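So this block is run-v8.cif, mmCIF, C-alpha atoms:
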```cif
data_protein
#
loop_
_atom_site.label_atom_id
_atom_site.label_comp_id
_atom_site.auth_asym_id
_atom_site.auth_seq_id
_atom_site.Cartn_x
_atom_site.Cartn_y
_atom_site.Cartn_z
CA MET A 297 12.10 27.75 -14.01
CA HIS A 298 9.03 29.28 -12.36
CA ASP A 299 5.92 27.63 -13.82
CA THR A 300 2.43 28.30 -12.50
CA ILE A 301 -0.69 26.15 -12.55
CA ARG A 302 -2.96 27.30 -15.37
CA ALA A 303 -5.81 24.78 -15.19
CA VAL A 304 -7.10 21.86 -13.11
CA ARG A 305 -9.62 19.47 -14.64
CA ALA A 306 -11.25 16.42 -13.07
CA TRP A 307 -13.50 13.60 -14.24
CA GLU A 308 -14.93 10.30 -13.09
CA ILE A 309 -13.22 7.05 -14.16
CA LEU A 310 -13.49 3.40 -13.11
CA SER A 311 -10.99 1.63 -10.87
CA GLY A 312 -9.77 -1.91 -11.37
CA VAL A 313 -12.77 -3.28 -9.47
CA GLY A 314 -15.28 -1.23 -11.46
CA ARG A 315 -15.91 1.37 -8.76
CA PRO A 316 -15.78 5.04 -9.77
CA THR A 317 -12.87 7.20 -8.70
CA VAL A 318 -11.43 10.61 -9.52
CA GLU A 319 -8.83 11.46 -12.13
CA VAL A 320 -7.29 14.94 -12.35
CA GLU A 321 -5.19 16.74 -14.95
CA VAL A 322 -3.05 19.73 -13.98
CA THR A 323 -1.57 21.92 -16.72
CA THR A 324 0.89 24.76 -16.30
CA ALA A 325 1.57 28.04 -18.02
CA HIS A 326 4.56 26.52 -19.85
CA GLY A 327 2.62 23.48 -21.06
CA CYS A 328 3.64 20.90 -18.47
CA ARG A 329 0.98 18.37 -17.72
CA GLY A 330 0.37 15.97 -14.84
CA THR A 331 -2.40 13.39 -14.58
CA ALA A 332 -3.26 11.23 -11.58
CA SER A 333 -6.05 8.95 -10.43
CA VAL A 334 -6.67 7.69 -6.94
CA PRO A 335 -7.47 4.25 -5.53
CA ALA A 336 -9.99 3.12 -2.95
CA GLY A 337 -9.74 0.30 -0.45
CA THR A 338 -12.22 -2.53 0.02
CA SER A 339 -11.01 -3.05 3.56
CA THR A 340 -10.73 0.41 5.12
CA GLY A 341 -9.69 1.51 8.58
CA ALA A 342 -11.62 3.90 10.78
CA HIS A 343 -8.79 6.45 10.91
CA GLU A 344 -7.92 6.89 7.24
CA ALA A 345 -8.95 9.85 5.09
CA LYS A 346 -12.43 9.43 3.60
CA ALA A 347 -13.33 9.38 -0.06
CA LEU A 348 -16.46 11.34 -0.98
CA TYR A 349 -19.20 9.39 -2.76
CA ASP A 350 -22.49 10.64 -4.15
CA GLY A 351 -24.87 8.13 -2.60
CA GLY A 352 -28.15 7.26 -4.29
CA THR A 353 -28.58 4.49 -6.85
CA ARG A 354 -26.01 5.49 -9.47
CA TYR A 355 -23.04 3.08 -9.33
CA ARG A 356 -24.63 1.69 -6.16
CA GLY A 357 -23.95 4.94 -4.40
CA TYR A 358 -20.26 5.09 -5.31
CA GLY A 359 -20.38 7.78 -7.98
CA VAL A 360 -17.88 10.60 -7.49
CA ARG A 361 -19.51 13.52 -9.27
CA LYS A 362 -19.59 15.55 -6.05
CA ALA A 363 -15.84 15.09 -5.61
CA VAL A 364 -15.24 16.07 -9.25
CA GLU A 365 -17.39 19.17 -8.78
CA ASN A 366 -15.39 20.07 -5.66
CA VAL A 367 -12.20 20.00 -7.74
CA HIS A 368 -13.68 22.35 -10.33
CA ARG A 369 -15.63 24.68 -8.05
CA ILE A 370 -13.45 24.93 -4.91
CA ILE A 371 -9.96 23.51 -5.42
CA ALA A 372 -9.02 24.73 -8.89
CA PRO A 373 -9.65 28.45 -8.17
CA ALA A 374 -7.52 28.18 -5.02
CA VAL A 375 -4.42 26.60 -6.62
CA CYS A 376 -4.39 28.13 -10.09
CA GLY A 377 -1.59 30.69 -10.32
CA MET A 378 0.59 28.89 -7.77
CA ASP A 379 4.05 27.58 -8.62
CA VAL A 380 3.46 23.94 -9.54
CA ARG A 381 6.58 22.91 -7.63
CA ALA A 382 5.30 24.36 -4.35
CA GLN A 383 3.99 20.93 -3.34
CA GLU A 384 3.83 21.49 0.41
CA GLY A 385 2.13 24.86 0.06
CA ILE A 386 -0.44 23.51 -2.39
CA ASP A 387 -1.15 20.50 -0.20
CA GLN A 388 -1.64 22.76 2.81
CA ILE A 389 -4.20 24.76 0.84
CA LEU A 390 -6.02 21.50 0.07
CA ILE A 391 -6.02 20.56 3.74
CA ASP A 392 -7.27 24.00 4.77
CA LEU A 393 -9.98 24.08 2.12
CA ASP A 394 -11.41 20.82 3.41
CA GLY A 395 -11.01 21.68 7.08
CA THR A 396 -11.97 18.27 8.51
CA PRO A 397 -9.61 15.76 10.18
CA LEU A 398 -10.40 12.95 7.72
CA LYS A 399 -11.05 15.12 4.63
CA GLU A 400 -14.74 14.31 4.54
CA ARG A 401 -16.02 17.67 3.24
CA LEU A 402 -14.33 17.85 -0.15
CA GLY A 403 -13.28 14.18 -0.20
CA ALA A 404 -9.84 12.63 0.06
CA ASN A 405 -10.36 11.32 -3.47
CA ALA A 406 -10.64 14.90 -4.77
CA LEU A 407 -7.74 16.25 -2.70
CA LEU A 408 -5.33 13.40 -3.41
CA ALA A 409 -5.96 13.36 -7.15
CA VAL A 410 -5.05 17.04 -7.31
CA SER A 411 -2.03 16.57 -5.03
CA LEU A 412 -0.58 13.73 -7.11
CA ALA A 413 -1.28 15.44 -10.43
CA VAL A 414 0.53 18.55 -9.15
CA ALA A 415 3.58 16.40 -8.34
CA GLN A 416 3.53 14.84 -11.80
CA ALA A 417 3.39 18.26 -13.43
CA GLY A 418 6.04 19.57 -11.03
CA ALA A 419 8.43 16.77 -12.01
CA GLN A 420 7.89 17.59 -15.66
CA ALA A 421 8.50 21.29 -15.00
CA ALA A 422 11.73 20.40 -13.19
CA GLY A 423 12.84 18.14 -16.04
CA LEU A 424 13.17 15.14 -13.72
CA PRO A 425 11.70 11.64 -13.55
CA LEU A 426 9.09 11.50 -10.81
CA TYR A 427 11.13 9.26 -8.47
CA ARG A 428 14.07 11.68 -8.66
CA TYR A 429 11.80 14.69 -8.15
CA LEU A 430 10.38 13.05 -5.00
CA GLY A 431 13.58 11.58 -3.59
CA GLY A 432 16.55 13.50 -4.97
CA LEU A 433 19.87 12.02 -6.02
CA THR A 434 19.71 9.23 -3.42
CA ALA A 435 16.58 7.71 -5.00
CA THR A 436 18.33 4.69 -6.50
CA ARG A 437 16.96 1.68 -4.62
CA LEU A 438 14.23 -0.65 -5.92
CA PRO A 439 11.90 -2.14 -3.29
CA ILE A 440 11.34 -5.82 -2.55
CA PRO A 441 8.06 -7.11 -4.02
CA LEU A 442 5.53 -8.18 -1.38
CA ALA A 443 2.59 -9.99 -2.96
CA THR A 444 -0.68 -11.49 -1.77
CA VAL A 445 -0.95 -14.96 -3.28
CA LEU A 446 -3.81 -16.45 -1.21
CA ALA A 447 -6.91 -14.55 -0.08
CA GLY A 448 -8.92 -15.20 3.06
CA GLY A 449 -10.89 -13.26 5.62
CA HIS A 450 -14.16 -11.41 5.11
CA HIS A 451 -13.66 -10.63 1.42
CA SER A 452 -12.86 -14.18 0.29
CA PRO A 453 -14.92 -17.35 -0.27
CA SER A 454 -12.14 -19.44 1.30
CA ASP A 455 -12.18 -20.51 4.94
CA LEU A 456 -8.77 -19.01 5.68
CA PRO A 457 -9.01 -16.80 8.78
CA PHE A 458 -6.70 -13.96 7.71
CA GLU A 459 -7.20 -11.54 4.84
CA ASP A 460 -3.91 -11.87 2.92
CA TYR A 461 -1.26 -14.61 2.73
CA LEU A 462 1.84 -13.01 1.26
CA ILE A 463 5.27 -13.81 -0.06
CA SER A 464 8.25 -11.48 0.21
CA VAL A 465 10.47 -12.06 -2.84
CA ARG A 466 13.76 -10.88 -1.42
CA GLY A 467 16.51 -13.41 -2.14
CA PHE A 468 17.46 -11.94 -5.52
CA VAL A 469 20.04 -9.49 -6.80
CA SER A 470 17.69 -7.26 -8.78
CA PHE A 471 14.08 -6.16 -8.90
CA GLY A 472 13.69 -7.72 -12.34
CA ASP A 473 14.87 -11.10 -11.06
CA ALA A 474 12.46 -10.83 -8.13
CA VAL A 475 9.50 -10.11 -10.40
CA GLU A 476 10.43 -13.05 -12.63
CA ALA A 477 10.52 -15.31 -9.56
CA LEU A 478 7.20 -13.94 -8.31
CA SER A 479 5.57 -14.75 -11.63
CA ALA A 480 6.98 -18.29 -11.54
CA ILE A 481 5.76 -18.85 -7.97
CA HIS A 482 2.30 -17.46 -8.73
CA GLY A 483 2.02 -19.75 -11.74
CA ALA A 484 3.23 -22.82 -9.85
CA LEU A 485 0.80 -22.13 -7.01
CA GLY A 486 -2.09 -21.83 -9.46
CA ASP A 487 -1.12 -25.12 -11.13
CA ARG A 488 -1.01 -26.94 -7.79
CA LEU A 489 -4.32 -25.54 -6.61
CA ARG A 490 -6.15 -26.31 -9.86
CA LYS A 491 -4.79 -29.85 -9.85
CA ARG A 492 -6.08 -30.33 -6.31
CA PHE A 493 -9.37 -28.41 -6.39
CA GLY A 494 -10.27 -27.76 -10.02
CA ILE A 495 -11.54 -24.22 -10.61
CA VAL A 496 -10.24 -21.91 -7.89
CA PRO A 497 -11.89 -18.53 -7.18
CA ASP A 498 -9.84 -15.37 -7.64
CA VAL A 499 -9.93 -12.36 -5.32
CA GLY A 500 -8.04 -9.38 -6.69
CA GLY A 501 -5.42 -11.53 -8.39
CA ALA A 502 -4.96 -13.86 -5.40
CA TYR A 503 -6.23 -17.43 -5.24
CA ALA A 504 -9.03 -18.24 -2.79
CA PRO A 505 -8.94 -22.06 -2.47
CA PRO A 506 -10.99 -24.09 0.03
CA LEU A 507 -8.20 -24.22 2.60
CA ALA A 508 -9.13 -23.94 6.25
CA SER A 509 -5.97 -23.15 8.21
CA THR A 510 -2.98 -20.85 8.02
CA GLU A 511 -0.67 -23.84 8.37
CA GLU A 512 -2.23 -25.52 5.32
CA ALA A 513 -1.96 -22.27 3.37
CA PHE A 514 1.71 -21.82 4.23
CA ASP A 515 2.52 -25.44 3.39
CA THR A 516 0.84 -25.02 0.00
CA ILE A 517 2.70 -21.79 -0.74
CA LEU A 518 6.07 -23.26 0.20
CA GLU A 519 5.45 -26.29 -2.03
CA ALA A 520 4.82 -23.92 -4.95
CA VAL A 521 7.95 -21.93 -4.06
CA ALA A 522 10.02 -25.10 -4.18
CA GLN A 523 8.40 -26.15 -7.47
CA ALA A 524 9.36 -22.78 -8.96
CA GLY A 525 12.98 -23.29 -7.89
CA CYS A 526 12.92 -20.48 -5.33
CA ALA A 527 13.25 -22.38 -2.06
CA GLY A 528 15.11 -20.33 0.55
CA LYS A 529 14.67 -17.11 -1.39
CA ILE A 530 11.30 -15.97 -0.09
CA SER A 531 9.71 -15.34 3.26
CA LEU A 532 6.05 -15.35 4.25
CA GLY A 533 3.69 -12.66 5.43
CA LEU A 534 0.20 -12.22 6.85
CA ASP A 535 -2.24 -9.35 6.65
CA VAL A 536 -4.46 -10.29 9.57
CA VAL A 537 -6.87 -7.32 9.71
CA GLY A 538 -7.30 -7.98 13.41
CA SER A 539 -10.19 -5.51 13.71
CA ASP A 540 -12.33 -7.87 11.61
CA LEU A 541 -11.59 -10.76 13.99
CA TYR A 542 -11.99 -8.92 17.27
CA ASP A 543 -15.06 -9.75 19.35
CA ARG A 544 -15.34 -6.71 21.60
CA GLN A 545 -17.99 -8.26 23.81
CA ALA A 546 -15.85 -11.33 24.48
CA GLY A 547 -12.53 -9.44 24.46
CA ALA A 548 -11.14 -12.18 22.22
CA TYR A 549 -10.25 -12.90 18.59
CA ARG A 550 -12.25 -15.32 16.41
CA VAL A 551 -9.84 -17.60 14.55
CA GLY A 552 -10.76 -20.90 12.90
CA GLY A 553 -13.98 -21.31 14.84
CA LYS A 554 -12.29 -20.58 18.18
CA HIS A 555 -12.09 -17.57 20.44
CA LEU A 556 -8.48 -16.78 21.34
CA SER A 557 -7.60 -14.49 24.20
CA PRO A 558 -5.03 -11.78 23.40
CA ASP A 559 -2.30 -13.87 25.05
CA GLU A 560 -3.36 -16.95 23.10
CA PHE A 561 -3.41 -14.96 19.86
CA ILE A 562 0.11 -13.69 20.50
CA ALA A 563 1.22 -17.27 21.20
CA HIS A 564 -0.37 -18.33 17.90
CA PHE A 565 1.71 -15.82 15.95
CA VAL A 566 4.88 -16.77 17.80
CA ALA A 567 4.27 -20.45 17.00
CA LEU A 568 3.78 -19.66 13.30
CA THR A 569 7.12 -17.82 13.17
CA GLU A 570 8.82 -20.82 14.78
CA GLN A 571 7.31 -23.25 12.29
CA TYR A 572 7.52 -21.18 9.09
CA PRO A 573 9.72 -18.44 7.54
CA LEU A 574 7.09 -15.88 8.56
CA ASP A 575 8.68 -12.42 8.69
CA ILE A 576 5.76 -10.00 8.24
CA ILE A 577 2.62 -9.71 10.36
CA GLU A 578 0.39 -6.80 9.41
CA ASP A 579 -2.41 -5.43 11.63
CA PRO A 580 -2.49 -8.48 13.93
CA PHE A 581 -4.87 -6.85 16.42
CA ASP A 582 -7.66 -4.31 16.64
CA GLU A 583 -6.68 -1.03 14.98
CA ASP A 584 -6.82 0.91 18.25
CA ASP A 585 -4.96 -1.58 20.44
CA PHE A 586 -1.47 -0.10 20.55
CA ALA A 587 -0.64 -2.09 23.68
CA LEU A 588 -1.14 -5.50 22.05
CA HIS A 589 0.86 -4.46 19.00
CA ALA A 590 3.64 -3.39 21.38
CA ALA A 591 3.45 -6.73 23.19
CA LEU A 592 3.84 -8.73 19.96
CA THR A 593 6.67 -6.46 18.79
CA ALA A 594 8.49 -7.14 22.05
CA ARG A 595 7.98 -10.90 21.63
CA LEU A 596 9.12 -10.88 17.99
CA PRO A 597 11.66 -8.03 17.70
CA ALA A 598 13.33 -9.55 14.63
CA LYS A 599 10.05 -9.73 12.68
CA ARG A 600 8.18 -6.97 10.88
CA ILE A 601 5.04 -6.03 12.83
CA VAL A 602 3.34 -3.72 10.36
CA GLY A 603 0.77 -1.02 11.06
CA ASP A 604 -1.79 -0.44 8.32
CA ASP A 605 -5.11 0.40 9.98
CA LEU A 606 -3.10 0.92 13.18
CA PHE A 607 -1.18 3.89 11.73
CA ALA A 608 -3.41 4.86 8.77
CA THR A 609 -0.42 6.67 7.19
CA SER A 610 -0.93 9.35 9.85
CA VAL A 611 2.04 11.15 11.37
CA GLN A 612 0.13 11.50 14.63
CA ARG A 613 -0.80 7.83 14.93
CA LEU A 614 2.64 6.70 13.80
CA ALA A 615 4.28 8.98 16.37
CA ARG A 616 2.15 7.38 19.06
CA GLY A 617 3.15 3.92 17.86
CA ILE A 618 6.82 4.88 17.92
CA ALA A 619 6.49 6.26 21.44
CA GLU A 620 4.74 3.11 22.66
CA ARG A 621 6.93 0.75 20.59
CA ALA A 622 3.83 -0.61 18.90
CA GLY A 623 4.91 -2.26 15.67
CA ASN A 624 8.13 -1.50 13.80
CA SER A 625 6.96 -0.91 10.22
CA LEU A 626 4.58 1.41 8.40
CA LEU A 627 2.32 0.33 5.56
CA LEU A 628 2.14 3.54 3.55
CA LYS A 629 -1.00 4.16 1.48
CA VAL A 630 -1.26 7.62 -0.04
CA ASN A 631 -5.05 7.68 0.01
CA GLN A 632 -5.07 7.01 3.76
CA ALA A 633 -3.25 10.32 4.18
CA GLY A 634 -5.16 12.28 1.56
CA THR A 635 -2.26 14.41 0.26
CA LEU A 636 1.20 13.54 -0.99
CA THR A 637 2.94 15.77 1.55
CA GLU A 638 1.26 14.03 4.49
CA ALA A 639 2.14 10.59 3.11
CA ILE A 640 5.78 11.58 2.58
CA ARG A 641 6.02 13.00 6.10
CA ALA A 642 4.76 9.70 7.51
CA GLY A 643 7.35 7.83 5.46
CA GLN A 644 10.12 10.15 6.60
CA LEU A 645 9.09 9.77 10.25
CA ALA A 646 9.15 5.99 9.89
CA ARG A 647 12.61 6.09 8.29
CA ASP A 648 14.04 8.50 10.83
CA SER A 649 12.68 6.39 13.70
CA GLY A 650 14.14 3.11 12.45
CA TYR A 651 10.78 1.79 11.27
CA GLY A 652 10.52 -0.07 7.98
CA THR A 653 8.32 1.30 5.19
CA ILE A 654 6.17 -0.72 2.83
CA VAL A 655 4.43 1.31 0.13
CA SER A 656 1.12 -0.31 -0.82
CA LEU A 657 -1.57 -0.13 -3.46
CA ARG A 658 -5.28 -0.57 -2.62
CA SER A 659 -7.63 -3.34 -3.71
CA GLY A 660 -9.64 -0.81 -5.76
CA ASP A 661 -6.62 0.66 -7.53
CA THR A 662 -6.19 2.14 -11.00
CA ASP A 663 -3.49 1.85 -13.64
CA ASP A 664 -1.79 4.96 -12.25
CA SER A 665 1.81 4.00 -11.41
CA PHE A 666 2.58 6.91 -9.05
CA ILE A 667 3.34 4.74 -6.00
CA ALA A 668 6.11 2.92 -7.89
CA ASP A 669 8.03 6.19 -8.18
CA LEU A 670 7.08 7.07 -4.59
CA ALA A 671 8.55 3.81 -3.28
CA VAL A 672 11.87 4.55 -4.97
CA GLY A 673 11.76 8.20 -3.95
CA LEU A 674 11.25 7.27 -0.30
CA GLY A 675 13.80 4.43 -0.35
CA ALA A 676 11.08 2.06 0.86
CA GLU A 677 12.18 -1.46 1.71
CA GLN A 678 9.15 -3.06 0.10
CA ILE A 679 6.18 -2.47 -2.16
CA LYS A 680 2.95 -4.41 -1.74
CA LEU A 681 1.28 -4.81 -5.13
CA GLY A 682 -0.37 -8.24 -5.20
CA GLY A 683 0.17 -10.94 -7.78
CA PRO A 684 1.52 -9.86 -11.20
CA VAL A 685 -1.70 -10.72 -13.02
CA ARG A 686 -3.90 -7.60 -13.29
CA GLY A 687 -3.43 -4.38 -15.19
CA GLU A 688 -3.56 -2.00 -12.23
CA ARG A 689 -0.93 -4.07 -10.42
CA ASN A 690 1.30 -4.66 -13.42
CA ALA A 691 1.31 -0.93 -14.20
CA LYS A 692 3.33 -0.51 -10.99
CA TYR A 693 5.56 -3.55 -11.57
CA ASN A 694 6.24 -2.37 -15.12
CA ARG A 695 7.06 1.16 -13.98
CA LEU A 696 9.58 -0.22 -11.47
CA LEU A 697 11.17 -2.35 -14.20
CA VAL A 698 11.55 0.80 -16.30
CA ILE A 699 13.05 2.71 -13.37
CA GLU A 700 15.55 -0.10 -12.83
CA GLN A 701 16.55 0.14 -16.49
CA ASP A 702 16.81 3.92 -16.30
CA LEU A 703 19.11 3.71 -13.27
CA GLY A 704 21.30 1.11 -14.97
CA THR A 705 24.36 0.17 -12.96
CA GLY A 706 23.37 2.73 -10.34
CA ALA A 707 20.26 0.77 -9.40
CA GLY A 708 20.18 -0.91 -6.01
CA PHE A 709 17.86 -3.55 -4.62
CA ALA A 710 16.50 -3.40 -1.10
CA GLY A 711 18.14 -6.63 0.04
CA ARG A 712 17.48 -7.89 3.53
CA LEU A 713 14.14 -6.58 4.79
CA GLY A 714 14.45 -3.96 7.46
CA ARG A 715 17.98 -2.74 6.74
CA VAL A 716 17.88 0.90 5.65
CA PRO A 717 21.02 1.82 3.67
CA ALA A 718 22.94 4.99 4.43
CA GLN A 719 21.67 6.71 1.27
CA ALA A 720 18.06 6.32 2.48
CA ARG A 721 18.91 7.97 5.81
CA SER A 722 20.83 10.92 4.41
#
```
This entry written out as structure tokens:
Amino acid sequence: MHDTIRAVRAWEILSGVGRPTVEVEVTTAHGCRGTASVPAGTSTGAHEAKALYDGGTRYRGYGVRKAVENVHRIIAPAVCGMDVRAQEGIDQILIDLDGTPLKERLGANALLAVSLAVAQAGAQAAGLPLYRYLGGLTATRLPIPLATVLAGGHHSPSDLPFEDYLISVRGFVSFGDAVEALSAIHGALGDRLRKRFGIVPDVGGAYAPPLASTEEAFDTILEAVAQAGCAGKISLGLDVVGSDLYDRQAGAYRVGGKHLSPDEFIAHFVALTEQYPLDIIEDPFDEDDFALHAALTARLPAKRIVGDDLFATSVQRLARGIAERAGNSLLLKVNQAGTLTEAIRAGQLARDSGYGTIVSLRSGDTDDSFIADLAVGLGAEQIKLGGPVRGERNAKYNRLLVIEQDLGTGAGFAGRLGRVPAQARS
């Protein structure tokens, strides 16, 4: 049924960290309605699409009234009257209206909110759940939860050198079982840390204890895993954010009070994989150093070397990584791309090139659950949502639990990380 966009409205809301962001409602001539809000990252790469903020003193400069005005004044007149299911055409109009490589003129927060709301309304117009609208009949697989449980790096009061210490909850037969195990592990870890340190700071739902080394962090996590009865059913991950550690003047990486040469840093990661069930290493080096990412991928071909800031959910940067064999997995964040179509194309390129895909939320996320449906629609191996303890995270976990129930006996679970089933390739 042909259904055209009748109205596009936008307003300013607060994200889970209290920073303003944009929410958009799209309505159609036949009464379909789609609403979407967009996240923002605390740790952002140089190559991702840029949100537009107002500056000044209001909300410490992070107000989004200019982005909201751009939706009303520029975007809405351009897309009203279009078929709501013409996602690619609408997204191309958004890209053309902005006209800058990183969407700085109108703001990626304005463009993406419209793009996602259009998809929500399009799914309703098609009479389909969002994951089916995005992925078709093969969208039946639930992703493996990947959760930050300890926080380090620049945004944490702990002394841990890397930004995120993660667990991949993959040794289970269903998504629901994996979420139950994740909750048990998170609780056991909190109990152990409080018993040892007393009050432990929290960073975005992850604990930030006074631990000083990655080895101590991993030992503590694995003790909690065993306590929760999940030994042998999880693997470990790191989000290094290598750009934050790179000393350009010295040509070395600052880790634990030492400067490590690139070769020494590679050796450090290799040693960690030999000592621990470490399967995922995200952004280990500077975001523009494709050669070092390729070198680590060659040393650890069976591990997931994940590009977040490296690829920035950009087809162009991902294509370069594929050509240079830099990394073997994409961390997909829709707001890095700025439109849904661009994010999906990056995911499809990763899939078609044998790269893994991990759909991820942002630290400044909202209770919008869109990426849960996107992960299923893309057949992503994993979804990175953080610990199951905050509303904006649990909105995604809960949506995936509902999708699993909706699929019933037809629901699959991603299983061993990195293996892409035939239905995801078709």
* To do: Give me the result of the PyMOL selection byres ((chain A and resi 681-690) around 10) on this file, residue by residue, as a PyMOL selection string.
  => chain A and resi 311-313+335+441-446+460+462-463+475-476+478-479+481-483+500-503+655-665+667-668+678-680+691-696
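For the pair CA of Ile562 (chain A) and CA of Ala591 (chain A), the separation is 8.2 Å.
With only C-alpha atoms taken into account, the protein and nucleic acid residues at most 7 Å from Ser411 (chain A) (excluding it and anything under 6 positions from it in its own chain) are A:Asp387, A:Thr635, A:Leu636.
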* To do: Give as number ranges by chain the residues that the PyMOL selection byres ((chain A and resi 629) around 12) matches when applied to the coordinates above.
  => A: 334-337, 340-341, 344-345, 408, 603-605, 607-610, 626-628, 630-636, 638-640, 642-643, 653-659, 661, 666-668, 670-671, 679-681
* To do: Given the file shown, determine the residues that the PyMOL selection byres ((chain A and resi 488) around 12) selects; report them as JSON, numbers by chain.
  => {"A": [481, 482, 483, 484, 485, 486, 487, 489, 490, 491, 492, 493, 494, 495, 496, 503, 505, 515, 516, 517, 518, 519, 520, 521, 522, 523, 524]}
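You will find CA of Arg544 (chain A) at 27.1 Å from CA of Lys599 (chain A).
With distances taken over all atoms listed in the file, A:Lys346 is the one residue among A:Val320, A:Ala422, A:Asp702, A:Lys346 lying closest to Thr396 (chain A).
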* Tell me which protein, DNA and RNA residues are within 8 Å of region 705-708 of chain A, counting all atoms listed in the file, leaving out same-chain ones fewer than 4 positions away, and put them as a ChimeraX atom specification. => /A:436-438,470,700
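Counting from CA of Ala598 (chain A), the distance to CA of Ile618 (chain A) is 16.2 Å.
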* Could you tell me which of A:Leu430, A:Ile577, A:Ala477, A:Ala508 comes closest to Gln644 (chain A) if we count all atoms listed in the file? => A:Leu430
Hey, could you make a per-residue contact list for region 424-465 of chain A against region 525-529 of chain A with 12 Å as the cut-off, showing the nearest pair of atoms and its distance in Å to one decimal, counting all atoms listed in the file, sorted by chain and number, as a Markdown table?
```
| residue | atom | partner | partner_atom | distance |
| --- | --- | --- | --- | --- |
| A:Ile440 | CA | A:Lys529 | CA | 11.8 |
| A:Ile463 | CA | A:Lys529 | CA | 10.1 |
| A:Ser464 | CA | A:Lys529 | CA | 8.7 |
| A:Val465 | CA | A:Lys529 | CA | 6.7 |
```
* Asked: Which polymer residues, protein or nucleic acid, are no farther than 9 Å from (-10.5, 11.4, -12.0), counting all atoms listed in the file, as a PyMOL selection string?
  -> chain A and resi 305-310+316-321+331-334+360+364+405-406+409
Give me a file of those residues, with C-alpha atoms, as a JSON list (two decimals), in the frame of the given file.
```json
[["chain", "number", "residue", "atom", "x", "y", "z"],
["A", 305, "ARG", "CA", -9.62, 19.47, -14.64],
["A", 306, "ALA", "CA", -11.25, 16.42, -13.07],
["A", 307, "TRP", "CA", -13.50, 13.60, -14.24],
["A", 308, "GLU", "CA", -14.93, 10.30, -13.09],
["A", 309, "ILE", "CA", -13.22, 7.05, -14.16],
["A", 310, "LEU", "CA", -13.49, 3.40, -13.11],
["A", 316, "PRO", "CA", -15.78, 5.04, -9.77],
["A", 317, "THR", "CA", -12.87, 7.20, -8.70],
["A", 318, "VAL", "CA", -11.43, 10.61, -9.52],
["A", 319, "GLU", "CA", -8.83, 11.46, -12.13],
["A", 320, "VAL", "CA", -7.29, 14.94, -12.35],
["A", 321, "GLU", "CA", -5.19, 16.74, -14.95],
["A", 331, "THR", "CA", -2.40, 13.39, -14.58],
["A", 332, "ALA", "CA", -3.26, 11.23, -11.58],
["A", 333, "SER", "CA", -6.05, 8.95, -10.43],
["A", 334, "VAL", "CA", -6.67, 7.69, -6.94],
["A", 360, "VAL", "CA", -17.88, 10.60, -7.49],
["A", 364, "VAL", "CA", -15.24, 16.07, -9.25],
["A", 405, "ASN", "CA", -10.36, 11.32, -3.47],
["A", 406, "ALA", "CA", -10.64, 14.90, -4.77],
["A", 409, "ALA", "CA", -5.96, 13.36, -7.15]]
```
Please produce region 457-467 of chain A, completed to N, CA and C atoms, as a PDB file, in the frame of the given file.
```pdb
ATOM      1  N   PRO A 457      -8.572 -17.802   7.798  1.00  0.00           N
ATOM      2  CA  PRO A 457      -9.010 -16.800   8.780  1.00  0.00           C
ATOM      3  C   PRO A 457      -8.489 -15.393   8.521  1.00  0.00           C
ATOM      4  N   PHE A 458      -7.332 -15.266   7.866  1.00  0.00           N
ATOM      5  CA  PHE A 458      -6.700 -13.960   7.710  1.00  0.00           C
ATOM      6  C   PHE A 458      -6.893 -13.445   6.286  1.00  0.00           C
ATOM      7  N   GLU A 459      -6.822 -12.136   6.119  1.00  0.00           N
ATOM      8  CA  GLU A 459      -7.200 -11.540   4.840  1.00  0.00           C
ATOM      9  C   GLU A 459      -6.207 -11.836   3.722  1.00  0.00           C
ATOM     10  N   ASP A 460      -4.917 -11.693   3.967  1.00  0.00           N
ATOM     11  CA  ASP A 460      -3.910 -11.870   2.920  1.00  0.00           C
ATOM     12  C   ASP A 460      -2.806 -12.807   3.394  1.00  0.00           C
ATOM     13  N   TYR A 461      -2.416 -13.732   2.515  1.00  0.00           N
ATOM     14  CA  TYR A 461      -1.260 -14.610   2.730  1.00  0.00           C
ATOM     15  C   TYR A 461      -0.239 -14.209   1.673  1.00  0.00           C
ATOM     16  N   LEU A 462       0.911 -13.721   2.132  1.00  0.00           N
ATOM     17  CA  LEU A 462       1.840 -13.010   1.260  1.00  0.00           C
ATOM     18  C   LEU A 462       3.174 -13.727   1.141  1.00  0.00           C
ATOM     19  N   ILE A 463       3.873 -13.403   0.067  1.00  0.00           N
ATOM     20  CA  ILE A 463       5.270 -13.810  -0.060  1.00  0.00           C
ATOM     21  C   ILE A 463       6.116 -12.567  -0.295  1.00  0.00           C
ATOM     22  N   SER A 464       7.267 -12.543   0.352  1.00  0.00           N
ATOM     23  CA  SER A 464       8.250 -11.480   0.210  1.00  0.00           C
ATOM     24  C   SER A 464       9.395 -12.039  -0.641  1.00  0.00           C
ATOM     25  N   VAL A 465       9.530 -11.499  -1.858  1.00  0.00           N
ATOM     26  CA  VAL A 465      10.470 -12.060  -2.840  1.00  0.00           C
ATOM     27  C   VAL A 465      11.777 -11.293  -2.727  1.00  0.00           C
ATOM     28  N   ARG A 466      12.630 -11.727  -1.794  1.00  0.00           N
ATOM     29  CA  ARG A 466      13.760 -10.880  -1.420  1.00  0.00           C
ATOM     30  C   ARG A 466      15.133 -11.503  -1.643  1.00  0.00           C
ATOM     31  N   GLY A 467      15.202 -12.779  -2.014  1.00  0.00           N
ATOM     32  CA  GLY A 467      16.510 -13.410  -2.140  1.00  0.00           C
ATOM     33  C   GLY A 467      17.100 -13.302  -3.526  1.00  0.00           C
TER      34      GLY A 467
END
```
